[in-house]
Structure formats: structure tokens, C-alpha cells
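Visitor: Got run-v5.txt for you, compact mmCIF, C-alpha atoms and all ligand atoms:
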```txt
# COMPACT_ATOMS: atom_id res chain seq x y z
CA MET Q 1 106.45 151.50 31.97
CA PRO Q 2 105.48 149.89 35.29
CA GLN Q 3 105.10 153.33 36.87
CA SER Q 4 101.46 152.66 37.56
CA LEU Q 5 102.07 149.25 39.05
CA ALA Q 6 101.34 148.88 42.73
CA ASP Q 7 104.15 148.26 45.16
CA ASP Q 8 103.58 144.54 45.36
CA SER Q 9 104.02 144.35 41.59
CA PHE Q 10 107.57 145.60 42.05
CA GLY Q 11 107.90 142.90 44.68
CA ASP Q 12 106.78 140.35 42.08
CA LEU Q 13 109.45 141.63 39.69
CA VAL Q 14 112.14 141.27 42.34
CA ARG Q 15 110.94 137.73 43.05
CA LEU Q 16 111.13 136.88 39.34
CA VAL Q 17 114.70 138.16 39.27
CA ALA Q 18 115.60 136.18 42.39
CA GLN Q 19 113.98 132.91 41.41
CA GLN Q 20 114.22 132.84 37.62
CA ARG Q 21 116.95 135.36 36.75
CA ASP Q 22 114.22 136.99 34.67
CA ARG Q 23 115.81 139.67 32.47
CA ALA Q 24 112.54 141.26 31.42
CA ALA Q 25 111.59 141.71 35.07
CA PHE Q 26 115.02 143.22 35.70
CA ALA Q 27 114.62 145.59 32.75
CA ALA Q 28 111.27 146.75 34.14
CA LEU Q 29 112.86 147.43 37.54
CA PHE Q 30 115.71 149.22 35.80
CA ARG Q 31 113.35 151.51 33.85
CA GLN Q 32 111.51 152.39 37.04
CA PHE Q 33 114.42 152.90 39.41
CA ALA Q 34 117.55 153.68 37.36
CA PRO Q 35 116.44 157.29 36.57
CA ARG Q 36 115.72 157.84 40.28
CA ILE Q 37 119.10 156.48 41.36
CA LEU Q 38 120.68 158.78 38.79
CA GLN Q 39 118.75 161.81 40.08
CA TYR Q 40 119.55 160.94 43.67
CA CYS Q 41 123.30 160.70 43.02
CA ARG Q 42 123.34 163.84 40.86
CA LYS Q 43 121.53 165.83 43.56
CA LEU Q 44 124.10 164.64 46.11
CA GLY Q 45 126.98 165.92 44.05
CA ALA Q 46 127.99 163.11 41.68
CA ASP Q 47 128.79 164.17 38.13
CA GLN Q 48 126.97 162.42 35.28
CA GLY Q 49 129.68 159.80 34.75
CA VAL Q 50 129.97 158.84 38.41
CA ALA Q 51 126.18 158.85 38.79
CA GLU Q 52 125.84 156.41 35.88
CA GLU Q 53 128.48 154.14 37.43
CA LEU Q 54 126.51 154.23 40.66
CA VAL Q 55 123.31 153.37 38.79
CA GLN Q 56 125.03 150.35 37.31
CA ASP Q 57 126.52 149.36 40.65
CA VAL Q 58 123.18 149.66 42.50
CA MET Q 59 121.17 147.86 39.81
CA LEU Q 60 123.76 145.08 39.64
CA THR Q 61 123.33 144.68 43.41
CA VAL Q 62 119.58 144.43 42.84
CA TRP Q 63 120.26 141.64 40.34
CA LEU Q 64 122.70 139.78 42.61
CA LYS Q 65 120.92 140.28 45.93
CA ALA Q 66 117.32 139.99 44.79
CA ASP Q 67 116.89 136.91 47.00
CA SER Q 68 117.71 138.96 50.10
CA TYR Q 69 114.78 141.34 49.51
CA ASP Q 70 112.15 140.86 52.23
CA PRO Q 71 108.77 142.43 51.41
CA ALA Q 72 107.85 142.29 55.11
CA GLN Q 73 110.73 144.64 55.93
CA ALA Q 74 110.50 147.33 53.26
CA SER Q 75 108.99 148.33 49.93
CA VAL Q 76 111.11 147.71 46.84
CA GLY Q 77 111.67 151.48 46.53
CA THR Q 78 112.95 151.67 50.11
CA TRP Q 79 115.16 148.63 49.62
CA ILE Q 80 116.73 150.12 46.50
CA PHE Q 81 117.08 153.48 48.25
CA THR Q 82 119.12 151.84 51.04
CA ILE Q 83 121.43 150.20 48.48
CA ALA Q 84 121.87 153.51 46.65
CA ARG Q 85 122.50 155.33 49.96
CA ASN Q 86 125.22 152.86 50.99
CA ARG Q 87 126.92 152.88 47.60
CA ARG Q 88 127.06 156.64 47.29
CA ILE Q 89 128.50 156.91 50.84
CA ASP Q 90 131.25 154.46 49.80
CA ARG Q 91 131.86 156.18 46.51
CA LEU Q 92 131.29 159.88 47.11
CA ARG Q 93 132.56 160.10 50.68
CA LYS Q 94 135.01 157.21 50.71
CA GLU Q 95 133.42 156.17 53.98
CA SER Q 96 131.94 152.86 54.94
CA ARG Q 97 128.60 153.17 56.69
CA PRO Q 98 128.67 151.46 60.13
CA VAL Q 99 125.77 149.02 60.50
CA PRO Q 100 124.72 146.57 63.21
CA ASP Q 101 125.31 142.90 62.41
CA MET Q 102 122.00 141.07 62.67
CA ASP Q 103 123.83 137.76 63.33
CA ASP Q 104 125.95 139.23 66.11
CA PRO Q 105 125.52 137.24 69.37
CA ALA Q 106 125.92 140.55 71.23
CA MET Q 107 122.86 142.03 69.52
CA THR Q 108 119.88 142.52 71.83
CA PRO Q 109 117.09 140.66 70.04
CA VAL Q 110 113.56 141.97 70.06
CA SER Q 111 112.54 138.53 71.33
CA GLN Q 112 113.98 139.49 74.73
CA ALA Q 113 111.16 141.96 75.17
CA THR Q 114 108.67 141.36 77.95
CA PRO Q 115 105.08 141.20 76.63
CA GLU Q 116 104.62 144.75 77.88
CA GLU Q 117 107.75 145.96 76.07
CA ALA Q 118 106.72 144.14 72.91
CA ALA Q 119 103.34 145.89 72.99
CA GLN Q 120 105.07 149.23 73.52
CA LEU Q 121 107.34 148.59 70.54
CA VAL Q 122 104.42 147.89 68.25
CA GLN Q 123 102.52 150.89 69.56
CA GLY Q 124 105.53 153.18 69.30
CA SER Q 125 106.14 152.20 65.73
CA ARG Q 126 102.46 152.68 64.85
CA ARG Q 127 102.53 156.14 66.47
CA LEU Q 128 105.67 157.09 64.54
CA HIS Q 129 104.16 156.01 61.23
CA GLY Q 130 101.11 158.06 62.14
CA ALA Q 131 103.26 161.08 62.96
CA ILE Q 132 105.19 160.78 59.69
CA GLY Q 133 101.89 160.56 57.81
CA THR Q 134 100.53 163.70 59.46
CA LEU Q 135 103.55 165.96 58.97
CA ALA Q 136 102.51 169.27 57.43
CA PRO Q 137 103.68 169.31 53.79
CA ASN Q 138 106.03 172.25 54.34
CA GLN Q 139 107.55 170.49 57.37
CA SER Q 140 108.02 167.25 55.47
CA GLU Q 141 109.66 169.28 52.71
CA VAL Q 142 112.32 170.78 55.01
CA LEU Q 143 113.05 167.32 56.41
CA ARG Q 144 113.39 166.00 52.87
CA ARG Q 145 115.74 168.76 51.85
CA SER Q 146 117.83 168.66 55.07
CA TYR Q 147 118.26 164.93 55.42
CA PHE Q 148 117.57 163.37 52.03
CA LEU Q 149 119.12 166.04 49.81
CA GLU Q 150 121.57 167.20 52.51
CA GLN Q 151 120.91 170.88 51.89
CA THR Q 152 121.96 173.53 54.40
CA HIS Q 153 119.31 175.77 55.93
CA GLU Q 154 120.58 178.58 53.72
CA GLU Q 155 120.23 176.49 50.56
CA ILE Q 156 116.70 175.51 51.53
CA ALA Q 157 115.77 179.15 52.17
CA GLU Q 158 117.12 180.15 48.80
CA GLU Q 159 115.62 177.30 46.77
CA THR Q 160 112.18 177.41 48.37
CA ASP Q 161 112.15 181.19 48.59
CA VAL Q 162 111.27 181.43 52.28
CA PRO Q 163 113.15 183.32 55.01
CA LEU Q 164 115.91 181.43 56.82
CA GLY Q 165 114.06 181.79 60.12
CA THR Q 166 111.02 180.07 58.64
CA VAL Q 167 113.16 177.14 57.47
CA LYS Q 168 114.53 176.70 60.98
CA THR Q 169 111.06 176.99 62.53
CA ARG Q 170 109.60 174.39 60.17
CA LEU Q 171 112.45 171.99 60.89
CA ARG Q 172 111.98 172.46 64.64
CA LEU Q 173 108.22 171.91 64.32
CA ALA Q 174 108.75 168.80 62.18
CA LEU Q 175 111.15 167.26 64.70
CA GLY Q 176 108.84 168.20 67.57
CA HIS Q 177 105.94 166.51 65.79
CA LEU Q 178 107.98 163.30 65.37
CA LYS Q 179 109.31 163.42 68.91
CA ARG Q 180 105.83 163.47 70.41
CA SER Q 181 105.35 159.99 68.96
CA MET Q 182 108.06 158.49 71.15
CA LYS Q 183 106.91 156.11 73.82
CA ASP Q 184 108.94 157.72 76.56
CA THR Q 185 110.74 160.93 75.95
CA ALA Q 186 113.99 160.37 77.77
CA MET N 1 115.36 142.25 79.85
CA THR N 2 115.37 145.99 79.85
CA PHE N 3 116.03 147.91 76.71
CA PRO N 4 117.77 151.30 76.73
CA HIS N 5 115.82 154.28 78.07
CA HIS N 6 117.93 157.09 76.67
CA HIS N 7 117.99 157.20 72.88
CA PRO N 8 119.76 159.25 70.22
CA ASP N 9 117.49 162.10 69.17
CA ASP N 10 115.58 162.01 65.89
CA GLN N 11 118.07 164.30 64.13
CA LEU N 12 120.65 161.55 64.56
CA LEU N 13 118.27 158.72 63.67
CA ILE N 14 116.94 160.43 60.53
CA GLY N 15 120.46 161.46 59.60
CA TYR N 16 121.58 157.86 60.03
CA ALA N 17 118.62 156.52 58.02
CA SER N 18 119.08 159.01 55.19
CA GLY N 19 122.86 158.67 55.06
CA GLN N 20 123.32 162.36 55.84
CA GLU N 21 125.09 161.62 59.15
CA ARG N 22 128.83 161.04 58.86
CA VAL N 23 130.75 157.95 59.89
CA GLY N 24 131.73 159.04 63.43
CA LYS N 25 128.26 159.56 64.89
CA SER N 26 126.89 156.78 62.67
CA LEU N 27 129.20 154.39 64.54
CA LEU N 28 127.60 155.40 67.84
CA VAL N 29 124.05 155.27 66.43
CA ALA N 30 124.59 151.87 64.80
CA THR N 31 126.04 150.44 68.03
CA HIS N 32 123.08 151.82 70.00
CA LEU N 33 120.79 150.08 67.47
CA ALA N 34 122.38 146.76 68.44
CA TYR N 35 121.06 147.37 71.98
CA CYS N 36 117.76 148.99 71.07
CA PRO N 37 114.89 147.32 69.15
CA ASP N 38 112.89 150.53 69.56
CA CYS N 39 115.37 152.65 67.61
CA ARG N 40 115.81 149.87 65.04
CA ARG N 41 112.11 150.28 64.25
CA ARG N 42 112.40 154.03 64.29
CA VAL N 43 115.29 153.95 61.82
CA ALA N 44 113.32 151.52 59.61
CA ALA N 45 110.40 153.98 59.58
CA PHE N 46 112.73 156.84 58.63
CA GLU N 47 114.27 154.68 55.89
CA ALA N 48 110.76 154.10 54.55
CA LEU N 49 110.21 157.87 54.57
CA CYS N 50 113.43 158.37 52.60
CA GLY N 51 112.34 155.52 50.32
CA SER N 52 109.12 157.40 49.54
CA TRP N 53 111.12 160.56 48.74
CA PHE N 54 113.38 158.44 46.53
CA GLU N 55 110.37 157.05 44.66
CA GLU N 56 109.04 160.58 44.16
CA LEU N 57 112.18 161.78 42.39
CA PRO N 58 111.45 162.71 38.80
CA GLY N 59 111.60 159.55 36.70
CA GLU N 60 111.88 160.93 33.18
CA ALA N 61 114.47 158.79 31.47
CA ALA N 62 117.77 160.61 31.57
CA ALA N 63 119.86 160.38 28.42
CA ASP N 64 121.39 157.06 27.64
CA LEU N 65 120.00 155.00 30.51
CA ASP N 66 118.71 152.49 27.95
CA GLY N 67 122.25 152.30 26.64
CA LEU N 68 123.39 151.62 30.18
CA LEU N 69 120.86 148.81 30.49
CA ASP N 70 122.21 147.31 27.26
CA ARG N 71 125.78 147.60 28.50
CA MET N 72 124.80 145.82 31.73
CA ASP N 73 123.60 142.82 29.77
CA GLY N 74 126.94 141.02 30.01
CA LEU N 75 127.02 141.54 33.78
CA LEU N 76 123.71 139.84 34.40
CA VAL N 77 124.97 136.41 35.27
CA ALA N 78 123.87 134.23 38.12
CA PRO N 79 125.36 135.32 41.45
CA PRO N 80 128.11 133.12 42.87
CA ALA N 81 126.77 130.29 44.99
CA THR N 82 128.43 131.57 48.16
CA ALA N 83 127.49 135.06 49.24
CA ASP N 84 130.30 137.47 48.48
CA LYS N 85 131.04 139.19 51.75
CA SER N 86 134.13 141.04 50.63
CA ALA N 87 132.01 143.99 49.52
CA ASP N 88 131.02 144.62 53.11
CA ALA N 89 134.60 145.65 53.85
CA GLU N 90 134.57 144.40 57.41
CA ALA N 91 137.39 145.57 59.60
CA PRO N 92 139.49 142.65 60.81
CA ARG N 93 138.70 141.30 64.23
CA LEU N 94 141.81 141.74 66.29
CA PHE N 95 140.77 139.84 69.37
CA ASP N 96 138.95 136.65 70.05
CA VAL N 97 135.29 137.17 70.82
CA ALA N 98 134.46 133.54 71.48
CA GLY N 99 135.50 133.56 75.13
CA GLU N 100 133.14 136.28 76.30
CA PRO N 101 129.52 135.65 77.17
CA ALA N 102 127.31 137.46 74.67
CA GLY N 103 125.88 139.83 77.28
CA ARG N 104 129.37 141.12 78.09
CA LEU N 105 130.48 141.53 74.51
CA VAL N 106 130.52 144.96 72.91
CA PRO N 107 128.20 144.61 69.90
CA GLU N 108 129.02 145.32 66.30
CA PRO N 109 129.76 147.54 64.53
CA LEU N 110 131.89 149.01 67.35
CA ARG N 111 133.57 145.70 68.31
CA SER N 112 135.42 145.49 65.00
CA TRP N 113 136.81 148.97 65.48
CA LEU N 114 138.30 148.25 68.90
CA PRO N 115 141.80 146.82 69.31
CA GLU N 116 140.93 144.67 72.35
CA ALA N 117 138.21 143.81 74.84
CA ILE N 118 137.12 146.97 76.65
CA ASP N 119 137.74 145.85 80.21
CA SER N 120 141.49 145.53 80.01
CA PRO N 121 143.16 146.39 83.34
CA VAL N 122 143.66 150.12 83.80
CA ASP N 123 147.42 149.70 84.30
CA CYS N 124 148.09 147.68 81.14
CA GLY N 125 148.92 150.66 78.96
CA SER N 126 145.54 150.85 77.27
CA TRP N 127 144.25 153.59 79.57
CA THR N 128 145.43 157.06 80.50
CA GLU N 129 144.33 158.41 83.86
CA LEU N 130 142.65 161.80 83.72
CA SER N 131 141.95 162.12 87.42
CA PRO N 132 141.54 159.61 90.23
CA GLY N 133 139.20 156.86 88.98
CA VAL N 134 138.68 158.34 85.49
CA TRP N 135 140.52 157.19 82.36
CA LEU N 136 140.52 157.74 78.61
CA SER N 137 141.49 154.88 76.30
CA ALA N 138 144.78 154.98 74.43
CA TRP N 139 142.61 153.93 71.46
CA GLN N 140 141.49 157.13 69.80
CA ARG N 141 140.19 157.82 66.33
CA THR N 142 139.11 160.89 64.46
CA LEU N 143 136.38 160.08 61.96
CA ALA N 144 134.93 162.80 59.75
CA GLY N 145 135.87 165.45 62.30
CA THR N 146 134.53 163.58 65.32
CA ASN N 147 137.01 162.55 68.01
CA ILE N 148 136.29 159.08 69.37
CA CYS N 149 137.67 157.13 72.33
CA LEU N 150 136.49 155.27 75.42
CA LEU N 151 135.80 156.94 78.77
CA ARG N 152 136.06 154.86 81.94
CA MET N 153 134.75 155.89 85.35
CA ALA N 154 135.22 154.01 88.62
CA HIS N 155 132.30 153.89 91.06
CA ASP N 156 131.45 157.42 92.18
CA ALA N 157 134.50 158.93 90.47
CA PRO N 158 133.61 162.33 88.95
CA VAL N 159 134.75 163.23 85.44
CA PRO N 160 136.88 166.36 85.82
CA ALA N 161 135.31 169.63 84.79
CA HIS N 162 135.67 170.27 81.11
CA ARG N 163 134.21 172.38 78.41
CA HIS N 164 133.61 171.51 74.82
CA THR N 165 133.06 173.62 71.77
CA ALA N 166 130.61 171.25 70.05
CA ASP N 167 128.45 168.19 70.66
CA GLU N 168 129.47 165.48 73.10
CA LEU N 169 127.90 162.00 73.03
CA LEU N 170 128.29 159.02 75.35
CA LEU N 171 127.08 155.45 74.80
CA VAL N 172 127.24 153.13 77.84
CA LEU N 173 129.03 149.84 77.06
CA ARG N 174 129.56 148.63 80.63
CA GLY N 175 128.14 149.59 84.04
CA ALA N 176 126.29 152.86 84.57
CA PHE N 177 126.88 156.54 85.21
CA SER N 178 124.78 159.45 86.41
CA ASP N 179 124.73 163.18 85.92
CA GLU N 180 122.33 165.99 86.72
CA TYR N 181 120.15 164.96 83.74
CA GLY N 182 119.71 161.28 84.43
CA HIS N 183 120.98 157.79 85.09
CA TYR N 184 122.49 155.94 82.14
CA GLU N 185 122.83 152.18 81.84
CA LEU N 186 123.86 149.65 79.19
CA GLY N 187 123.07 150.90 75.68
CA ASP N 188 121.89 154.34 76.84
CA VAL N 189 122.98 157.45 74.97
CA ALA N 190 123.69 160.81 76.58
CA HIS N 191 123.89 163.79 74.24
CA TYR N 192 125.17 167.18 75.38
CA VAL N 193 125.02 170.13 73.04
CA ALA N 194 127.93 172.52 72.93
CA PRO N 195 127.79 174.78 75.96
CA THR N 196 126.09 172.33 78.31
CA ASP N 197 127.62 171.99 81.73
CA HIS N 198 127.37 168.46 83.04
CA HIS N 199 128.96 166.41 85.78
CA ALA N 200 129.11 162.67 85.12
CA ARG N 201 130.23 160.18 87.72
CA GLY N 202 130.45 156.40 87.74
CA ALA N 203 127.30 154.85 89.23
CA SER N 204 127.91 151.09 89.12
CA LYS N 205 129.98 148.71 91.24
CA GLU N 206 132.13 147.82 88.24
CA ASP N 207 133.81 150.55 86.21
CA CYS N 208 131.49 152.31 83.79
CA ILE N 209 132.90 152.26 80.25
CA CYS N 210 131.42 154.45 77.51
CA LEU N 211 132.04 155.18 73.88
CA PHE N 212 132.90 158.86 73.96
CA LEU N 213 132.38 161.15 70.95
CA LEU N 214 133.27 164.77 70.66
CA ASP N 215 132.86 167.01 67.65
CA GLY N 216 135.30 169.66 68.75
CA ASP N 217 138.25 169.86 71.09
CA LEU N 218 137.87 168.80 74.66
CA ILE N 219 139.44 171.17 77.14
CA PHE N 220 139.90 169.93 80.67
CA LEU N 221 139.96 172.76 83.12
CA ASP N 222 142.59 172.78 85.83
CA GLY N 223 141.52 174.11 89.22
CA GLU N 224 142.41 177.66 88.30
CA GLU N 225 140.52 177.70 85.01
CA GLU N 226 137.62 175.85 86.55
CA ARG N 227 137.12 178.58 89.07
CA ARG N 228 137.28 181.17 86.37
CA ALA N 229 134.92 179.27 84.07
CA GLY N 230 132.55 178.49 86.94
ZN ZN Q 301 117.13 153.57 71.21
```
Would you kindly transcribe this structure into C-alpha cells?
Guide:
Amino acid sequence: MPQSLADDSFGDLVRLVAQQRDRAAFAALFRQFAPRILQYCRKLGADQGVAEELVQDVMLTVWLKADSYDPAQASVGTWIFTIARNRRIDRLRKESRPVPDMDDPAMTPVSQATPEEAAQLVQGSRRLHGAIGTLAPNQSEVLRRSYFLEQTHEEIAEETDVPLGTVKTRLRLALGHLKRSMKDTA
Amino acid sequence: MTFPHHHPDDQLLIGYASGQERVGKSLLVATHLAYCPDCRRRVAAFEALCGSWFEELPGEAAADLDGLLDRMDGLLVAPPATADKSADAEAPRLFDVAGEPAGRLVPEPLRSWLPEAIDSPVDCGSWTELSPGVWLSAWQRTLAGTNICLLRMAHDAPVPAHRHTADELLLVLRGAFSDEYGHYELGDVAHYVAPTDHHARGASKEDCICLFLLDGDLIFLDGEEERRAG
């Protein structure tokens, strides 16, 4: 299993799928990510049958869209997460997720930034990554449960066996920690 | 070029990145992203955080996933030469966008949701006057419990006193407005939590037009009620 492979090795597998339609590379990606897609969909309320259909749907998208993967933008895991997120919103909520259109002439491109703004953007993003990296583990855990697993505060309290007030405090502290990384708090 | 100064808070950005946020507020967040390179980076960072949580999910092979891989074998053909866009389920564009200069155009994804260009004359039937110089669009949607329409304010016209039972969000699409908390220009987001009292008024020469989101019912107070509520 490629579990121990570094991130860029997954990137190599995606490139092999994109350029050579390499089935062995695809199978390796499948073994790594299919169980995680399944878990993700199950935890968000899909039954086993629907979750397996979503696994197939997401992995087929990986096969078909491998050439659109950009290692400069995201890790393979993050890229596959975003596909899984979009598919389960379509399927489980019957909603279509609104997204900006990168080719839209009305989009404000980052290239319009003044040199000062461009520097601020880079700095802001570095500060945010730093803040995410320094979240206390129990604060990161309430973020994960609230936003990634979509649990209510009550569910988090019950599953992690901490008082409801503590859950709310940790969430507030986590968001405060992230907010301090913003370049200008409006 | 000046980018927006008032951004959606992190709850909305993380919720948008994780997929937890529902379609109504996601429409406002995504349209703000079109204006705001800063929040685009912030959302990308939150997506990476979710990606790391995704990678940490237990990976023990659930029953029959190898069978699923075998069953997929027949599907693994080369993708069609032209990118298949039908999966993106784009709403049809109901008005021509070519005529407008890019800077005046409402960006996607909101543009595809709107029936016409936003600055239609106020007397053409697309706007309902609330009070002198303040209008709501005839275009209204309710998405996942969030009420959505456009709010239009003439220069210096005050939005009538109102109260709301849940969150209210504004995204500036044209012109500018001000309230006791700040001055909001193109692409800026104002977010008022439930019981907040606020008094917006148009603050640009041209009419200010905003995307207007409300989680609960909006109750405009007549003079009588206003006195009582105040
Ligand atoms: Zn922003």
C-alpha cells in the first residue's frame, strides 16, 4: 500500500493517470483514497450503498480529470477531498455548490494587486498557515468535528465527553486564534 | 486596484471550504471570492486543512472496496476529447453579458442566478419601493432557509428601521453604503447577527446595490412599532 509514500508520490501517480492512463497508478490511488471517501460519506450520513456509489463517482472523476490536478495548488489528498465534498453536496443535499468561475471576465484577478497588496497577500497567507499549524489539538478537534464532520455542539460534547460549555469555548478560542492571523481585521 | 476591506468571517469561510455551509450563504461567499484574492487564499488554506483531516480518516479497507475497483474497470476509458461541462450544471444565462464592461459586471456565480442586469431602472417592474430611495428586487429566492434578494439604496437614502430574527448579510455589487459600523464598497461584506440594530444608508453618487441575505423573516417597523421597539 502506498500509505507510506510522500505526498509528491501521490502526485506522480496522478500524473501517470493523466499522461499514460496508467491503471496500476489508478489502483494505488484507489487503495489509498477510496476507503477515506467511503468513511467521509458514511460519517456525513450516506448509507453504505450510497457511499460506495460516491466512491465510484469521485474516483472516476479522479481518472477523468487527472490532467486538471495542479500540484502547486493543493496536495492530492486535498484535491480529492474537494471532489468528494462537491459530489456529496450534489448527492446528499441535492444542492449544487456555488463556485466562482476562474475564467469570468468579472473576476478580480490577483494580478491587479499593487506590489504592497501582493506582499500583504503572501504575508497573510503565510500567517494563516502558521495559525492553522499552531492550533491547540483540542481546538483543532472541535473545528474538525464542527465543520468537517458537521456535528452540532451537543454531539461534540457527547462524543468527546466534555461539557457543552467547553466545546463552545474551544470553538471560540480556535476561531479567535485564526482571526488574529488576518491582515486587517475589518 | 483596491480589494475588499470587509470580509466574511472565518466561520463562513471554513464552512464554505468544508462544504458545511448551505447553498444560500455559499452563494454570497463564492461571489465575494470573485472580488477578493485574500479570501480565495484563505479558503484554499481551509480546504488544505480539511484535506489533511480527510487524509487522516481511518484507511482500513472497508468490505468490498476491491470488488468496487474491479467493477470500475470497464469505466476506465480515456476521457472524451472535449471537456464535459454538463456535470457543472450551470444555470442558463438569461441576459447578454457581452455588452457590459467587465468592471461593471456582477461576477459569477451570482450572475447566472440573476434574471437581468442589476441596474435596471427602478420603475421597470423589477424593483419594489420600500421607502423613498430604497428598493427590494422583485427577484427573490429562498435557498436552504435563507431569503435572498437585492437591496438598492439611493444616495443618502436610509433603509427603514427593521428587525430580524437571525443573521443578515449584505454584499456590495454597485456603489457604496455606510452604517454605524463602517463604510462598505464594491465586494465588501457586512454581517449582522440576529439582534443587531443597524442603520444603512446609500453612500455613493450612483445607487448602491447589494446582494441581501436573511436567515429569518424580515420585519419592517412602521412608525408606531419603531417607537415601541426603539
Ligand atoms: Zn475577502
Visitor: For a cut-off of 12 Å around (113.0, 147.8, 63.8), file coordinates, pick out all residues using only C-alpha atoms and list them as a PyMOL selection string.
Guide: (chain Q and resi 72-74+100+102+108-111+118+121-122+124-126+128) or (chain N and resi 17+33-48)
Visitor: Near chain N, which residues of chain Q fall within 6 Å when you count all atoms listed in the file, and what do they look like as number ranges by chain?
Guide: Q: 35-36, 64, 77-78, 81, 98-101, 105-108, 110, 112, 121, 147-148, 186
Visitor: Neighbourhood query: residues within 12 Å of (108.0, 141.8, 51.7), file coordinates, counting all atoms listed in the file; return as a list in words.
Guide: Asp7, Asp8, Ser9, Phe10, Gly11, Asp12, Val14, Arg15, Ala66, Asp67, Ser68, Tyr69, Asp70, Pro71, Ala72, Gln73, Ala74, Ser75, Val76, Gly77, Thr78 and Trp79 of chain Q
Visitor: Which value, in Å to one decimal, gives the distance between atom CA of Ser126 of chain N and atom CA of Cys149 of chain N?
Guide: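 Distance reported for this atom pair: 11.2 Å.
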Visitor: What is the distance, in Å and to one decimal place, between atom CA of Gln139 of chain Q and atom CA of Leu173 of chain Q?
Guide: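 Taking atom CA of Gln139 of chain Q as the start and atom CA of Leu173 of chain Q as the end point, the length is 7.1 Å.
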Visitor: Just want the 8 Å neighbourhood of Leu92 of chain Q, counted on all atoms listed in the file, with same-chain residues fewer than 3 positions away dropped. Output as an mmCIF file with C-alpha atoms, keeping the file's coordinate frame.
Guide:
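Result file follows (result.cif):
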```cif
data_model
loop_
_atom_site.group_PDB
_atom_site.id
_atom_site.type_symbol
_atom_site.label_atom_id
_atom_site.label_comp_id
_atom_site.auth_asym_id
_atom_site.auth_seq_id
_atom_site.Cartn_x
_atom_site.Cartn_y
_atom_site.Cartn_z
ATOM 1 C CA ALA Q 46 127.990 163.110 41.680
ATOM 2 C CA ARG Q 88 127.060 156.640 47.290
ATOM 3 C CA ILE Q 89 128.500 156.910 50.840
#
```
Visitor: If you measure from atom ZN of ligand ZN 301 (chain Q) to atom CA of Leu12 of chain N, what distance in Å do you get, rounded to one decimal?
Guide: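 Distance reported for this atom pair: 11.0 Å.
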Visitor: At a cut-off of 12 Å, using only C-alpha atoms, what residues contact Thr166 of chain Q? Leave out same-chain residues fewer than 2 positions from it and give the result as a list in words.
Guide: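 The residues that qualify are Asn138, Gln139, Val142, His153, Glu154, Ile156, Ala157, Glu158, Thr160, Asp161, Val162, Pro163, Leu164, Lys168, Thr169, Arg170, Leu171, Arg172 and Leu173 of chain Q.
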Visitor: For C-alpha atoms, I'd like the residues from the last selection saved as a short mmCIF file (atom, residue, chain, number, x, y, z; two decimals), in the coordinates of the input.
Guide:
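Result file selection08.cif:
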```cif
data_model
loop_
_atom_site.label_atom_id
_atom_site.label_comp_id
_atom_site.auth_asym_id
_atom_site.auth_seq_id
_atom_site.Cartn_x
_atom_site.Cartn_y
_atom_site.Cartn_z
CA ASN Q 138 106.03 172.25 54.34
CA GLN Q 139 107.55 170.49 57.37
CA VAL Q 142 112.32 170.78 55.01
CA HIS Q 153 119.31 175.77 55.93
CA GLU Q 154 120.58 178.58 53.72
CA ILE Q 156 116.70 175.51 51.53
CA ALA Q 157 115.77 179.15 52.17
CA GLU Q 158 117.12 180.15 48.80
CA THR Q 160 112.18 177.41 48.37
CA ASP Q 161 112.15 181.19 48.59
CA VAL Q 162 111.27 181.43 52.28
CA PRO Q 163 113.15 183.32 55.01
CA LEU Q 164 115.91 181.43 56.82
CA LYS Q 168 114.53 176.70 60.98
CA THR Q 169 111.06 176.99 62.53
CA ARG Q 170 109.60 174.39 60.17
CA LEU Q 171 112.45 171.99 60.89
CA ARG Q 172 111.98 172.46 64.64
CA LEU Q 173 108.22 171.91 64.32
#
```
Visitor: What's around segment 27-29 of chain Q at 8 Å? Count only C-alpha atoms, leave out sequence neighbours fewer than 2 positions away in its own chain, and write the answer as a PyMOL selection string.
Guide: (chain Q and resi 1-2+10+13-14+23-25+31-34) or (chain N and resi 69)
Visitor: Select, from N:Leu171, N:Lys205, N:Gly125, N:Tyr192, the residue with the minimum atom-to-atom distance to ligand ZN 301 (chain Q), counting all atoms listed in the file.
Guide: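 Among N:Leu171, N:Lys205, N:Gly125, N:Tyr192, it is N:Leu171 that comes nearest to ligand ZN 301 (chain Q).
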Visitor: Counting all atoms listed in the file, figure out which residue out of N:His198, N:Gly74, N:Cys208, N:Leu186 gets nearest to ligand ZN 301 (chain Q).
Guide: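 Closest to ligand ZN 301 (chain Q) of all the choices is N:Leu186.
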Visitor: Name all residues at most 9 Å from segment 134-137 of chain Q (count all atoms listed in the file; drop same-chain ones fewer than 5 positions away) and give them as a VMD selection string.
Guide: chain Q and resid 129 142 174 177 to 178
